[in-house]
>>> print(open('structure.csv').read())   # CSV, C-alpha atoms and all ligand atoms
chain,number,residue,atom,x,y,z
A,930,MET,CA,101.1,78.6,38.5
A,931,ALA,CA,102.7,81.7,40.0
A,932,GLY,CA,101.6,80.3,43.3
A,933,ASP,CA,104.1,77.5,42.9
A,934,ARG,CA,107.0,79.9,42.3
A,935,ASN,CA,105.9,82.1,45.1
A,936,SER,CA,105.7,79.3,47.6
A,937,LEU,CA,109.2,78.1,46.6
A,938,ILE,CA,110.6,81.7,47.0
A,939,ARG,CA,108.9,81.9,50.4
A,940,ARG,CA,110.6,78.6,51.5
A,941,LEU,CA,114.0,79.9,50.5
A,942,ARG,CA,113.4,83.2,52.3
A,943,GLN,CA,112.3,81.4,55.4
A,944,ALA,CA,115.6,79.5,55.3
A,945,GLY,CA,117.4,82.9,55.5
A,946,ILE,CA,118.4,83.3,51.9
A,947,SER,CA,118.3,86.8,50.6
A,948,ARG,CA,116.0,88.1,47.8
A,949,ALA,CA,119.0,89.2,45.9
A,950,ALA,CA,120.7,85.8,46.0
A,951,ILE,CA,117.4,84.1,44.9
A,952,LYS,CA,117.1,86.5,42.0
A,953,ALA,CA,120.7,86.0,40.9
A,954,ALA,CA,120.4,82.2,41.0
A,955,TRP,CA,117.1,82.2,39.1
A,956,PRO,CA,117.7,80.5,35.7
A,957,SER,CA,117.6,82.8,32.7
A,958,TRP,CA,115.6,80.2,30.7
A,959,TRP,CA,112.7,80.4,33.2
A,960,THR,CA,109.3,81.1,31.5
A,961,ASP,CA,105.6,80.8,32.3
A,962,GLU,CA,105.7,77.8,30.0
A,963,ALA,CA,108.5,76.1,32.0
A,964,GLU,CA,106.5,76.7,35.1
A,965,SER,CA,103.5,74.8,33.8
A,966,SER,CA,105.6,71.6,33.2
A,967,PRO,CA,106.7,69.2,36.0
A,968,SER,CA,110.1,68.8,34.3
A,969,GLY,CA,110.5,72.6,34.1
A,970,ARG,CA,109.7,72.9,37.8
A,971,ALA,CA,112.2,70.1,38.7
A,972,GLU,CA,114.9,71.7,36.5
A,973,LEU,CA,114.3,75.0,38.3
A,974,ARG,CA,114.8,73.4,41.7
A,975,PHE,CA,118.0,71.6,40.6
A,976,ALA,CA,119.4,74.9,39.2
A,977,LEU,CA,118.6,76.8,42.4
A,978,ALA,CA,120.0,74.0,44.6
A,979,ARG,CA,123.3,73.9,42.7
A,980,ARG,CA,123.7,77.7,42.8
A,981,LEU,CA,122.7,78.3,46.4
A,982,GLY,CA,124.4,75.2,47.8
A,983,LEU,CA,121.2,73.3,48.7
A,984,GLU,CA,120.5,69.6,48.7
A,985,PRO,CA,118.5,69.0,45.4
A,986,ALA,CA,116.3,66.1,46.5
A,987,PRO,CA,114.7,67.8,49.5
A,988,LEU,CA,114.1,70.9,47.4
A,989,LEU,CA,111.9,68.9,45.0
A,990,GLY,CA,109.7,68.4,48.1
A,991,GLU,CA,110.0,72.1,49.0
A,992,ARG,CA,112.4,71.5,51.8
A,993,VAL,CA,115.5,73.7,52.1
A,994,GLU,CA,118.5,71.8,53.4
A,995,PHE,CA,122.0,73.3,53.0
A,996,VAL,CA,124.8,71.2,51.6
A,997,TRP,CA,127.2,72.7,54.2
A,998,ASN,CA,126.3,73.2,57.8
A,999,ASP,CA,128.9,73.3,60.5
A,1000,GLU,CA,132.1,72.5,58.6
A,1001,ALA,CA,133.5,76.0,57.9
A,1002,ARG,CA,135.7,77.9,60.3
A,1003,PHE,CA,134.1,81.2,61.3
A,1004,LYS,CA,136.1,84.2,62.8
A,1005,HIS,CA,134.5,86.7,65.1
A,1006,LEU,CA,131.3,84.7,65.3
A,1007,SER,CA,128.6,86.2,67.5
A,1008,ALA,CA,125.6,84.3,68.8
A,1009,GLU,CA,123.2,86.0,66.3
A,1010,ASP,CA,125.3,84.9,63.4
A,1011,GLU,CA,125.0,81.2,64.4
A,1012,ALA,CA,121.8,80.6,62.4
A,1013,GLN,CA,123.4,82.1,59.2
A,1014,LYS,CA,126.4,79.8,59.0
A,1015,ALA,CA,124.9,77.2,56.7
A,1016,ALA,CA,123.5,79.7,54.2
A,1017,LEU,CA,126.7,81.6,54.0
A,1018,THR,CA,129.0,78.6,53.7
A,1019,SER,CA,126.8,76.8,51.2
A,1020,PHE,CA,126.5,79.9,48.9
A,1021,GLY,CA,130.3,80.6,49.2
A,1022,MET,CA,131.2,77.0,48.4
A,1023,SER,CA,129.0,77.0,45.3
A,1024,VAL,CA,130.4,80.3,44.0
A,1025,GLY,CA,133.9,79.2,44.8
A,1026,ARG,CA,133.4,76.0,42.9
A,1027,LEU,CA,132.3,77.9,39.8
A,1028,LEU,CA,135.3,80.3,40.1
A,1029,LEU,CA,137.8,77.4,40.3
A,1030,ARG,CA,136.1,75.6,37.3
A,1031,ALA,CA,136.6,78.8,35.3
A,1032,THR,CA,140.3,79.2,36.5
A,1033,PRO,CA,142.0,76.1,35.0
A,1034,ALA,CA,145.7,75.3,34.9
A,1035,PRO,CA,147.6,74.1,37.9
A,1036,PRO,CA,148.2,76.5,40.8
A,1037,THR,CA,151.7,77.8,41.9
A,1038,ARG,CA,152.2,78.8,45.4
A,1039,PHE,CA,154.4,81.1,47.4
A,1040,GLU,CA,154.4,80.0,51.0
A,1041,GLU,CA,156.2,83.0,52.4
A,1042,ALA,CA,155.0,86.5,52.5
A,1043,LYS,CA,158.5,87.9,52.0
A,1044,VAL,CA,159.2,85.8,48.9
A,1045,LEU,CA,155.8,86.7,47.4
A,1046,ARG,CA,156.5,90.4,48.2
A,1047,GLU,CA,159.8,90.3,46.4
A,1048,ALA,CA,158.2,88.6,43.3
A,1049,ILE,CA,155.5,91.3,43.2
A,1050,LEU,CA,158.0,94.1,43.7
A,1051,ALA,CA,160.0,92.9,40.7
A,1052,GLY,CA,157.2,94.3,38.5
A,1053,SER,CA,155.5,97.0,40.7
A,1054,PRO,CA,156.7,99.9,42.8
A,1055,PHE,CA,154.8,98.5,45.8
A,1056,VAL,CA,152.3,95.8,46.7
A,1057,ASP,CA,149.0,97.5,46.1
A,1058,LEU,CA,145.5,96.1,45.4
A,1059,GLY,CA,146.1,95.7,41.7
A,1060,SER,CA,149.4,93.9,41.9
A,1061,LEU,CA,148.2,91.7,44.7
A,1062,ILE,CA,145.1,90.6,42.7
A,1063,ALA,CA,147.3,89.9,39.7
A,1064,ALA,CA,149.6,87.8,41.9
A,1065,CYS,CA,146.5,85.8,43.2
A,1066,TRP,CA,145.4,85.1,39.6
A,1067,ALA,CA,148.9,84.1,38.6
A,1068,MET,CA,148.8,81.6,41.5
A,1069,ARG,CA,145.4,80.5,40.1
A,1070,ILE,CA,143.6,81.7,43.2
A,1071,PRO,CA,140.5,83.5,41.8
A,1072,VAL,CA,139.4,86.7,43.7
A,1073,ILE,CA,136.0,88.3,43.3
A,1074,HIS,CA,133.9,90.9,45.1
A,1075,LEU,CA,130.5,89.6,46.0
A,1076,ARG,CA,127.8,92.0,44.8
A,1077,VAL,CA,125.1,89.7,45.9
A,1078,PHE,CA,125.0,88.4,49.5
A,1079,PRO,CA,123.3,85.2,50.5
A,1080,LEU,CA,121.9,86.8,53.6
A,1081,GLU,CA,119.8,90.0,53.8
A,1082,ALA,CA,122.2,91.5,56.3
A,1083,LYS,CA,125.6,91.9,54.7
A,1084,SER,CA,127.4,90.5,57.7
A,1085,MET,CA,130.6,89.1,56.0
A,1086,HIS,CA,133.9,90.8,55.5
A,1087,ALA,CA,135.6,88.1,53.4
A,1088,MET,CA,135.8,84.4,52.9
A,1089,VAL,CA,138.2,81.8,51.6
A,1090,VAL,CA,136.8,78.6,50.1
A,1091,LYS,CA,138.7,75.4,49.3
A,1092,VAL,CA,137.6,73.0,46.6
A,1093,GLU,CA,139.7,69.9,45.8
A,1094,GLY,CA,142.8,71.4,47.3
A,1095,ARG,CA,142.5,74.7,45.5
A,1096,PHE,CA,141.4,78.1,46.9
A,1097,ALA,CA,139.2,81.0,45.9
A,1098,ILE,CA,138.8,84.3,47.8
A,1099,LEU,CA,135.4,86.1,48.0
A,1100,LEU,CA,135.5,89.6,49.3
A,1101,GLY,CA,132.4,90.9,51.0
A,1102,ARG,CA,132.4,94.5,52.3
A,1103,ASP,CA,133.3,97.1,49.8
A,1104,ALA,CA,135.5,100.2,50.4
A,1105,SER,CA,135.7,103.4,48.6
A,1106,TYR,CA,139.5,103.2,48.4
A,1107,PRO,CA,141.8,100.3,47.5
A,1108,ALA,CA,144.1,100.2,50.6
A,1109,PRO,CA,141.7,98.6,53.1
A,1110,VAL,CA,140.7,96.0,50.5
A,1111,ALA,CA,144.4,95.3,49.8
A,1112,PHE,CA,144.8,94.5,53.5
A,1113,THR,CA,141.8,92.2,53.6
A,1114,LEU,CA,143.0,90.4,50.5
A,1115,ALA,CA,146.5,90.0,51.9
A,1116,HIS,CA,145.0,88.7,55.2
A,1117,GLU,CA,142.8,86.1,53.4
A,1118,LEU,CA,145.8,85.0,51.3
A,1119,GLY,CA,147.6,84.6,54.7
A,1120,HIS,CA,144.9,82.1,55.8
A,1121,VAL,CA,145.5,80.2,52.5
A,1122,MET,CA,149.3,80.2,52.8
A,1123,LEU,CA,149.5,79.5,56.5
A,1124,GLY,CA,147.4,76.3,56.2
A,1125,HIS,CA,144.4,77.6,58.1
A,1126,LEU,CA,142.0,75.7,55.8
A,1127,VAL,CA,143.7,72.3,56.2
A,1128,ASP,CA,140.8,70.9,58.1
A,1129,ALA,CA,138.0,73.2,56.9
A,1130,PRO,CA,136.3,73.7,53.5
A,1131,ALA,CA,135.9,77.4,54.1
A,1132,LEU,CA,137.1,80.2,56.4
A,1133,ILE,CA,134.9,83.2,57.0
A,1134,ASP,CA,136.0,86.5,58.4
A,1135,LEU,CA,132.7,88.0,59.5
A,1136,LYS,CA,134.3,91.2,60.6
A,1137,ASP,CA,137.1,93.4,59.4
A,1138,PRO,CA,140.3,91.8,60.8
A,1139,ALA,CA,142.0,95.2,60.8
A,1140,LEU,CA,139.5,96.4,63.4
A,1141,VAL,CA,138.9,93.4,65.6
A,1142,ARG,CA,141.3,92.0,68.2
A,1143,ASP,CA,140.0,89.0,69.9
A,1144,GLY,CA,143.0,86.9,70.7
A,1145,ASP,CA,142.6,84.4,67.9
A,1146,ASP,CA,146.0,83.1,66.9
A,1147,GLN,CA,145.2,82.4,63.3
A,1148,GLU,CA,143.9,86.0,63.0
A,1149,ASP,CA,147.1,87.4,64.4
A,1150,GLU,CA,149.2,85.1,62.1
A,1151,ALA,CA,147.2,86.2,59.0
A,1152,ASP,CA,147.6,89.9,60.0
A,1153,ARG,CA,151.4,89.4,60.3
A,1154,PHE,CA,151.4,87.7,56.9
A,1155,ALA,CA,149.4,90.6,55.4
A,1156,LEU,CA,151.7,93.3,56.9
A,1157,THR,CA,154.8,91.5,55.8
A,1158,LEU,CA,153.5,91.2,52.3
A,1159,LEU,CA,152.3,94.8,52.1
A,1160,THR,CA,155.1,96.5,54.0
A,1161,GLY,CA,158.0,94.1,54.4
A,1162,SER,CA,157.6,93.8,58.2
A,1163,PRO,CA,155.1,92.0,60.4
A,1164,GLU,CA,155.2,95.0,62.7
A,1165,PRO,CA,155.8,98.0,60.6
A,1166,ASP,CA,157.1,100.9,62.7
A,1167,ILE,CA,156.1,104.0,60.8
A,1168,GLN,CA,158.3,107.0,61.8
A,1169,THR,CA,157.0,110.4,61.1
A,1170,ASN,CA,158.5,113.8,61.6
A,1171,LEU,CA,154.9,115.1,62.0
A,1172,ASP,CA,153.9,115.3,65.7
A,1173,ARG,CA,150.5,116.3,64.8
A,1174,PHE,CA,148.9,115.7,61.5
A,1175,ASN,CA,145.6,116.3,59.7
A,1176,ALA,CA,144.3,114.5,56.7
A,1177,PRO,CA,146.1,116.7,54.0
A,1178,THR,CA,149.5,116.7,55.8
A,1179,LEU,CA,149.3,113.0,56.4
A,1180,ALA,CA,148.4,112.4,52.8
A,1181,ALA,CA,151.3,114.5,51.6
A,1182,ALA,CA,153.7,112.7,53.9
A,1183,VAL,CA,152.8,109.2,52.9
A,1184,LEU,CA,152.8,110.1,49.2
A,1185,GLU,CA,156.4,111.2,49.6
A,1186,ALA,CA,157.4,108.2,51.7
A,1187,ALA,CA,155.7,105.6,49.5
A,1188,GLY,CA,158.3,105.2,46.8
A,1189,PRO,CA,161.4,105.0,49.0
A,1190,ASN,CA,159.8,102.5,51.3
A,1191,ALA,CA,158.1,100.5,48.6
A,1192,VAL,CA,154.8,100.7,50.5
A,1193,GLU,CA,151.6,101.9,48.9
A,1194,PRO,CA,150.7,105.3,50.3
A,1195,GLY,CA,147.2,104.4,51.4
A,1196,THR,CA,148.6,101.3,53.2
A,1197,LEU,CA,151.2,103.6,54.9
A,1198,ALA,CA,148.4,105.8,56.2
A,1199,LEU,CA,146.5,102.8,57.5
A,1200,CYS,CA,149.6,101.5,59.3
A,1201,LEU,CA,150.1,104.8,60.9
A,1202,ALA,CA,146.4,105.0,61.9
A,1203,HIS,CA,146.8,101.6,63.5
A,1204,GLN,CA,149.9,102.5,65.4
A,1205,ARG,CA,148.6,105.8,66.6
A,1206,ARG,CA,145.0,104.8,67.0
A,1207,ALA,CA,144.1,107.6,64.5
A,1208,TRP,CA,141.6,105.9,62.3
A,1209,PRO,CA,139.4,108.9,61.4
A,1210,VAL,CA,142.2,111.1,60.2
A,1211,ALA,CA,143.8,108.3,58.2
A,1212,MET,CA,140.5,107.4,56.6
A,1213,SER,CA,140.0,110.9,55.5
A,1214,ALA,CA,143.6,111.1,54.3
A,1215,LEU,CA,142.7,108.4,51.8
A,1216,SER,CA,140.5,110.9,49.9
A,1217,PHE,CA,143.5,113.2,49.5
A,1218,ILE,CA,145.8,110.3,48.5
A,1219,TYR,CA,143.6,108.9,45.8
A,1220,GLY,CA,141.9,112.2,44.8
A,1221,ALA,CA,138.5,110.7,44.3
A,1222,PRO,CA,136.7,107.6,45.7
A,1223,LYS,CA,137.6,104.5,43.8
A,1224,PRO,CA,135.2,101.7,44.7
A,1225,ALA,CA,137.4,98.7,45.1
A,1226,TRP,CA,134.9,96.2,43.8
A,1227,ARG,CA,135.1,97.6,40.2
A,1228,GLU,CA,138.8,96.9,40.1
A,1229,VAL,CA,138.5,93.5,41.7
A,1230,ASN,CA,135.7,92.3,39.5
A,1231,GLY,CA,137.1,94.0,36.4
A,1232,ILE,CA,140.2,91.9,36.7
A,1233,ALA,CA,138.2,88.7,37.4
A,1234,ASP,CA,136.0,89.3,34.4
A,1235,ALA,CA,139.1,89.3,32.2
A,1236,GLU,CA,140.8,86.4,33.9
A,1237,LEU,CA,137.9,83.9,34.1
A,1238,ASP,CA,137.4,81.4,31.4
A,1239,TRP,CA,133.7,82.0,30.9
A,1240,GLU,CA,133.4,79.5,28.0
A,1241,ILE,CA,134.2,76.6,30.3
A,1242,LEU,CA,131.3,77.4,32.6
A,1243,GLY,CA,128.5,77.2,30.0
A,1244,GLU,CA,125.8,79.8,29.5
A,1245,GLU,CA,123.7,79.2,32.6
A,1246,ALA,CA,126.5,79.0,35.2
A,1247,ALA,CA,128.2,82.0,33.6
A,1248,HIS,CA,124.9,83.9,33.8
A,1249,TYR,CA,124.7,83.2,37.6
A,1250,LEU,CA,128.4,84.1,38.2
A,1251,ARG,CA,128.0,87.4,36.4
A,1252,ASN,CA,124.9,88.2,38.4
A,1253,VAL,CA,126.9,87.6,41.6
A,1254,MET,CA,129.7,89.8,40.4
A,1255,ILE,CA,127.5,92.6,39.1
A,1256,GLY,CA,124.6,92.7,41.5
A,1257,SER,CA,121.1,93.6,40.8
A,1258,ASN,CA,119.9,97.1,40.1
A,1259,ASP,CA,117.2,97.2,42.7
B,1301,ZN,ZN,140.9,86.1,59.2
>>> encode(input="structure.csv", output="structure tokens", more="lines below")
Ligand SMILES: [Zn+2]
Amino acid sequence: MAGDRNSLIRRLRQAGISRAAIKAAWPSWWTDEAESSPSGRAELRFALARRLGLEPAPLLGERVEFVWNDEARFKHLSAEDEAQKAALTSFGMSVGRLLLRATPAPPTRFEEAKVLREAILAGSPFVDLGSLIAACWAMRIPVIHLRVFPLEAKSMHAMVVKVEGRFAILLGRDASYPAPVAFTLAHELGHVMLGHLVDAPALIDLKDPALVRDGDDQEDEADRFALTLLTGSPEPDIQTNLDRFNAPTLAAAVLEAAGPNAVEPGTLALCLAHQRRAWPVAMSALSFIYGAPKPAWREVNGIADAELDWEILGEEAAHYLRNVMIGSND
């Protein structure tokens, strides 16, 4: 009966779903024996439908229909991304739903970046990735890094999903250092707090908002929110007594300025890079600031692992969510 399984996988692949996502969503109870029974084959299709955001009834007839199609709000959408909207939104909604189920208790909200910044600074020298993630969880907004992408091409920077008035943040592209991810997270939190999901179940930033300028008001607002949260000002004006700098001198300068300004050193370097259009030198300064690469996804998903109430999910859903957070080895 392997032919049955293979034809199902082929259908899912034809609909644009990645091999990694299919593998992650595949139930752990699946056996050759299950495959030989009609009820086993139906159970498999229900499980895959639930996890990948597909309509269950059509999948029983080997048809792939996404639950979500055109409802989400996409930023920086190019024509070639158009066909991938349904797969991305449906996968994100299904993962977000699990995250929120495993994050019980009512949410608290800070509507203003300045107020949230002050709350974080009460317990941390600056708003860095770790303290920002902790604040999100304290507000009952789960944050994870996706190690499995629904599409073969990893064309998503970050995403916010809304389920029953609550929010979850899914980070896409990884970085070797925490500061760029802190900016992305602050930007996504901006979308939540500024009400950008009032009339959409999900908002997807396909590209890095720090690098794209395309005259989208919501993007500018979310950037200003992020900068206020991270630095205290929507337009940080970084003064430096260095006319010319290289990676080591810039790193030394921001390490010194971080404490007195209550701005994380990597964030300071990125702000300066933005102001002076000096991305390469700032990016290489990060390696001097942090000493060694520090893949952000490990920190993000390490905190999520500790925060999520895995028991509530049940074994199978927990298995799926762990796969999405750990990724496959091949
Ligand atoms: Zn955005």
>>> atom_distance(input="structure.csv", atom1="CA of Arg942 in chain A", atom2="CA of Leu983 in chain A")
13.1 Å
>>> atom_distance(input="structure.csv", atom1="CA of Asn1230 in chain A", atom2="CA of Pro1107 in chain A")
12.9 Å
>>> closest_residue(input="structure.csv", among="A:Ala1182, A:Ala971, A:Leu1114, A:Leu1201", to="ligand ZN 1301 (chain B)", atoms="only C-alpha atoms and all ligand atoms")
A:Leu1114
>>> residues_around(input="structure.csv", residues="range 1095-1103 of chain A", least_positions_apart="2", cutoff="10 Å", atoms="all atoms listed in the file", output="PDB file with C-alpha atoms, in the frame of the given file")
ATOM      1  CA  GLY A1021     130.300  80.600  49.200  1.00  0.00           C
ATOM      2  CA  MET A1022     131.200  77.000  48.400  1.00  0.00           C
ATOM      3  CA  VAL A1024     130.400  80.300  44.000  1.00  0.00           C
ATOM      4  CA  GLY A1025     133.900  79.200  44.800  1.00  0.00           C
ATOM      5  CA  ARG A1026     133.400  76.000  42.900  1.00  0.00           C
ATOM      6  CA  LEU A1027     132.300  77.900  39.800  1.00  0.00           C
ATOM      7  CA  LEU A1028     135.300  80.300  40.100  1.00  0.00           C
ATOM      8  CA  LEU A1029     137.800  77.400  40.300  1.00  0.00           C
ATOM      9  CA  THR A1032     140.300  79.200  36.500  1.00  0.00           C
ATOM     10  CA  PRO A1035     147.600  74.100  37.900  1.00  0.00           C
ATOM     11  CA  PRO A1036     148.200  76.500  40.800  1.00  0.00           C
ATOM     12  CA  CYS A1065     146.500  85.800  43.200  1.00  0.00           C
ATOM     13  CA  TRP A1066     145.400  85.100  39.600  1.00  0.00           C
ATOM     14  CA  MET A1068     148.800  81.600  41.500  1.00  0.00           C
ATOM     15  CA  ARG A1069     145.400  80.500  40.100  1.00  0.00           C
ATOM     16  CA  ILE A1070     143.600  81.700  43.200  1.00  0.00           C
ATOM     17  CA  PRO A1071     140.500  83.500  41.800  1.00  0.00           C
ATOM     18  CA  VAL A1072     139.400  86.700  43.700  1.00  0.00           C
ATOM     19  CA  ILE A1073     136.000  88.300  43.300  1.00  0.00           C
ATOM     20  CA  HIS A1074     133.900  90.900  45.100  1.00  0.00           C
ATOM     21  CA  LEU A1075     130.500  89.600  46.000  1.00  0.00           C
ATOM     22  CA  ARG A1076     127.800  92.000  44.800  1.00  0.00           C
ATOM     23  CA  VAL A1077     125.100  89.700  45.900  1.00  0.00           C
ATOM     24  CA  PHE A1078     125.000  88.400  49.500  1.00  0.00           C
ATOM     25  CA  LYS A1083     125.600  91.900  54.700  1.00  0.00           C
ATOM     26  CA  SER A1084     127.400  90.500  57.700  1.00  0.00           C
ATOM     27  CA  MET A1085     130.600  89.100  56.000  1.00  0.00           C
ATOM     28  CA  HIS A1086     133.900  90.800  55.500  1.00  0.00           C
ATOM     29  CA  ALA A1087     135.600  88.100  53.400  1.00  0.00           C
ATOM     30  CA  MET A1088     135.800  84.400  52.900  1.00  0.00           C
ATOM     31  CA  VAL A1089     138.200  81.800  51.600  1.00  0.00           C
ATOM     32  CA  VAL A1090     136.800  78.600  50.100  1.00  0.00           C
ATOM     33  CA  LYS A1091     138.700  75.400  49.300  1.00  0.00           C
ATOM     34  CA  VAL A1092     137.600  73.000  46.600  1.00  0.00           C
ATOM     35  CA  GLU A1093     139.700  69.900  45.800  1.00  0.00           C
ATOM     36  CA  SER A1105     135.700 103.400  48.600  1.00  0.00           C
ATOM     37  CA  TYR A1106     139.500 103.200  48.400  1.00  0.00           C
ATOM     38  CA  PRO A1107     141.800 100.300  47.500  1.00  0.00           C
ATOM     39  CA  PRO A1109     141.700  98.600  53.100  1.00  0.00           C
ATOM     40  CA  VAL A1110     140.700  96.000  50.500  1.00  0.00           C
ATOM     41  CA  THR A1113     141.800  92.200  53.600  1.00  0.00           C
ATOM     42  CA  LEU A1114     143.000  90.400  50.500  1.00  0.00           C
ATOM     43  CA  GLU A1117     142.800  86.100  53.400  1.00  0.00           C
ATOM     44  CA  LEU A1118     145.800  85.000  51.300  1.00  0.00           C
ATOM     45  CA  VAL A1121     145.500  80.200  52.500  1.00  0.00           C
ATOM     46  CA  LEU A1126     142.000  75.700  55.800  1.00  0.00           C
ATOM     47  CA  PRO A1130     136.300  73.700  53.500  1.00  0.00           C
ATOM     48  CA  ALA A1131     135.900  77.400  54.100  1.00  0.00           C
ATOM     49  CA  LEU A1132     137.100  80.200  56.400  1.00  0.00           C
ATOM     50  CA  ILE A1133     134.900  83.200  57.000  1.00  0.00           C
ATOM     51  CA  ASP A1134     136.000  86.500  58.400  1.00  0.00           C
ATOM     52  CA  LEU A1135     132.700  88.000  59.500  1.00  0.00           C
ATOM     53  CA  LYS A1136     134.300  91.200  60.600  1.00  0.00           C
ATOM     54  CA  ASP A1137     137.100  93.400  59.400  1.00  0.00           C
ATOM     55  CA  PRO A1224     135.200 101.700  44.700  1.00  0.00           C
ATOM     56  CA  ALA A1225     137.400  98.700  45.100  1.00  0.00           C
ATOM     57  CA  TRP A1226     134.900  96.200  43.800  1.00  0.00           C
ATOM     58  CA  ARG A1227     135.100  97.600  40.200  1.00  0.00           C
ATOM     59  CA  VAL A1229     138.500  93.500  41.700  1.00  0.00           C
TER      60      VAL A1229
END
>>> atom_distance(input="structure.csv", atom1="CA of Glu1150 in chain A", atom2="CA of Ser1053 in chain A")
25.3 Å
>>> closest_residue(input="structure.csv", among="A:Asn998, A:Arg979, A:Ala944, A:Leu973", to="Thr960 in chain A", atoms="all atoms listed in the file")
A:Leu973
>>> closest_atom_pairs(input="structure.csv", of="range 1141-1192 of chain A", to="range 999-1005 of chain A", cutoff="10 Å", atoms="all atoms listed in the file", output="Markdown table")
| residue | atom | partner | partner_atom | distance |
| --- | --- | --- | --- | --- |
| A:Val1141 | CA | A:His1005 | CA | 8.0 |
| A:Arg1142 | CA | A:His1005 | CA | 9.2 |
| A:Asp1143 | CA | A:His1005 | CA | 7.7 |
| A:Asp1145 | CA | A:Lys1004 | CA | 8.3 |
| A:Gln1147 | CA | A:Lys1004 | CA | 9.3 |
| A:Glu1148 | CA | A:Lys1004 | CA | 8.0 |
>>> closest_residue(input="structure.csv", among="A:Gly1119, A:Thr1169, A:Leu1184, A:Glu1245", to="ligand ZN 1301 (chain B)", atoms="only C-alpha atoms and all ligand atoms")
A:Gly1119
>>> closest_residue(input="structure.csv", among="A:Ala1246, A:Ala1104, A:Ala1012, A:Ala1151", to="ligand ZN 1301 (chain B)", atoms="only C-alpha atoms and all ligand atoms")
A:Ala1151
>>> closest_residue(input="structure.csv", among="A:Arg940, A:Arg1251, A:Arg948, A:Arg992", to="Gly1231 in chain A", atoms="only C-alpha atoms")
A:Arg1251
>>> residues_around(input="structure.csv", residues="Ala976 in chain A", least_positions_apart="5", cutoff="8 Å", atoms="all atoms listed in the file", output="list in words")
Ala954, Trp955 and Pro956 of chain A
>>> residues_near_point(input="structure.csv", point="(117.9, 86.7, 38.2)", cutoff="10 Å", atoms="all atoms listed in the file", output="list of chain:residue names")
A:Arg948, A:Ala949, A:Ala950, A:Ile951, A:Lys952, A:Ala953, A:Ala954, A:Trp955, A:Pro956, A:Ser957, A:Trp959, A:His1248, A:Tyr1249, A:Asn1252, A:Val1253, A:Gly1256, A:Ser1257
